[in-house]
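See below for the structure under consideration.
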Amino acid sequence: MPTAICHCGAVRVEVPRKPRRLTNCNCSICRRYGTLWAYYKMSEVRVVNAPGATSEYSWGDKALRFVRCATCGCITHWEHIQPTETSKIGVNARNFDPALIGSVRIRRLDGASTWKYLD
Ligand SMILES: [Zn+2]
């Protein structure tokens with residue numbers, strides 16, 4: 001199964017399939033991180049790391065946490081702090097093998113203001 005791995009290899013995010021599309025969001029956090037998001041159901045993704053191997057950041061209403069490797073600093077995913085059965089997870093597609101996502105369409109999301117796609 002495709003796996004998004006941080007630079008040092010301490011955090012692995014296993015997903016069920018290659019993403020169908022990727023999202024480039026311009027909100028205040030995503031534009032700084034430079035992430036490309038692949039969305040899945042949280043229940044179909046497995047995050048594998050040793051205890052204490054990650055750090056996280058939450059802001060605003062603190063509904064989400066942005067998780068990064070505590071060693072190499074790569075953002076690995078975001079997740080809901082209080083997930084439900086239908087919660088999504090955003091996996092940072094920058095951590096996939098570039099060959100896996102090379103042909104996947106990237107959509108530009110205006111997360112900064114309208115929450116609509118710009119393309
Ligand atoms: Zn790492």
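Identifiers for the structure tokens are assigned positionally: chains receive A, B, ... in sequence, residues are indexed from 1 per chain, and ligands are indexed from 1 in the order shown.
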
task: Name each residue within 9 Å of ligand 1, counting only C-alpha atoms and all ligand atoms, as a VMD selection string.
output: chain A and resid 5 to 12 53 to 54 68 to 76

message: Applying 12 Å and only C-alpha atoms, which residues near stretch 19-33 of chain A remain after dropping the ones on its own chain fewer than 2 positions away? List them as a PyMOL selection string.
response: chain A and resi 1-4+14-17+35-41+57-60+64-68+73-78+90-94+96+100-119

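Picture a line from atom CA of A:Val45 to atom CA of A:Glu79; it runs 10.8 Å.
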
- request: Run DSSP on the backbone of this structure and report the residues of chain A it assigns to strand (DSSP E or B), as a ChimeraX atom specification.
  value: /A:3-5,11-14,21-25,37-41,46-49,54-57,64-69,75-80,88-92,105-109,117

Point-to-point distance from atom CA of A:Ala50 to atom CA of A:Lys88, Å rounded to tenths: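 The value is 22.6 Å.
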
task: Apply DSSP to the structure's backbone, then extract all residues of chain A labelled helix (DSSP H, G or I) and return them as a PyMOL selection string.
output: chain A and resi 30-33+42-44+93-95+98-101

Would you write out those residues with N, CA and C atoms, as an mmCIF file, in the first residue's frame?
data_model
loop_
_atom_site.group_PDB
_atom_site.id
_atom_site.type_symbol
_atom_site.label_atom_id
_atom_site.label_comp_id
_atom_site.auth_asym_id
_atom_site.auth_seq_id
_atom_site.Cartn_x
_atom_site.Cartn_y
_atom_site.Cartn_z
ATOM 1 N N CYS A 30 -1.490 26.254 5.804
ATOM 2 C CA CYS A 30 -1.038 25.406 4.688
ATOM 3 C C CYS A 30 -0.032 26.124 3.798
ATOM 4 N N ARG A 31 -0.231 27.429 3.589
ATOM 5 C CA ARG A 31 0.703 28.118 2.700
ATOM 6 C C ARG A 31 2.092 28.180 3.327
ATOM 7 N N ARG A 32 2.138 28.232 4.621
ATOM 8 C CA ARG A 32 3.444 28.246 5.282
ATOM 9 C C ARG A 32 4.093 26.860 5.272
ATOM 10 N N TYR A 33 3.290 25.844 5.514
ATOM 11 C CA TYR A 33 3.849 24.488 5.509
ATOM 12 C C TYR A 33 4.245 24.027 4.110
ATOM 13 N N MET A 42 -10.434 8.719 7.980
ATOM 14 C CA MET A 42 -9.451 8.447 9.026
ATOM 15 C C MET A 42 -9.335 6.941 9.306
ATOM 16 N N SER A 43 -10.472 6.233 9.189
ATOM 17 C CA SER A 43 -10.487 4.809 9.535
ATOM 18 C C SER A 43 -9.690 3.963 8.550
ATOM 19 N N GLU A 44 -9.369 4.475 7.372
ATOM 20 C CA GLU A 44 -8.643 3.657 6.390
ATOM 21 C C GLU A 44 -7.165 4.028 6.294
ATOM 22 N N ALA A 93 0.956 14.775 1.009
ATOM 23 C CA ALA A 93 1.405 13.993 -0.148
ATOM 24 C C ALA A 93 2.847 14.304 -0.547
ATOM 25 N N ARG A 94 3.418 15.347 0.016
ATOM 26 C CA ARG A 94 4.840 15.623 -0.243
ATOM 27 C C ARG A 94 5.729 14.493 0.265
ATOM 28 N N ASN A 95 5.208 13.690 1.161
ATOM 29 C CA ASN A 95 6.006 12.592 1.733
ATOM 30 C C ASN A 95 5.864 11.283 0.958
ATOM 31 N N PRO A 98 7.681 10.660 -5.217
ATOM 32 C CA PRO A 98 7.185 11.554 -6.278
ATOM 33 C C PRO A 98 6.612 10.806 -7.469
ATOM 34 N N ALA A 99 7.121 9.626 -7.761
ATOM 35 C CA ALA A 99 6.624 8.862 -8.904
ATOM 36 C C ALA A 99 5.169 8.448 -8.694
ATOM 37 N N LEU A 100 4.758 8.280 -7.433
ATOM 38 C CA LEU A 100 3.391 7.851 -7.146
ATOM 39 C C LEU A 100 2.387 8.948 -7.502
ATOM 40 N N ILE A 101 2.748 10.191 -7.225
ATOM 41 C CA ILE A 101 1.770 11.274 -7.367
ATOM 42 C C ILE A 101 2.024 12.178 -8.571
#
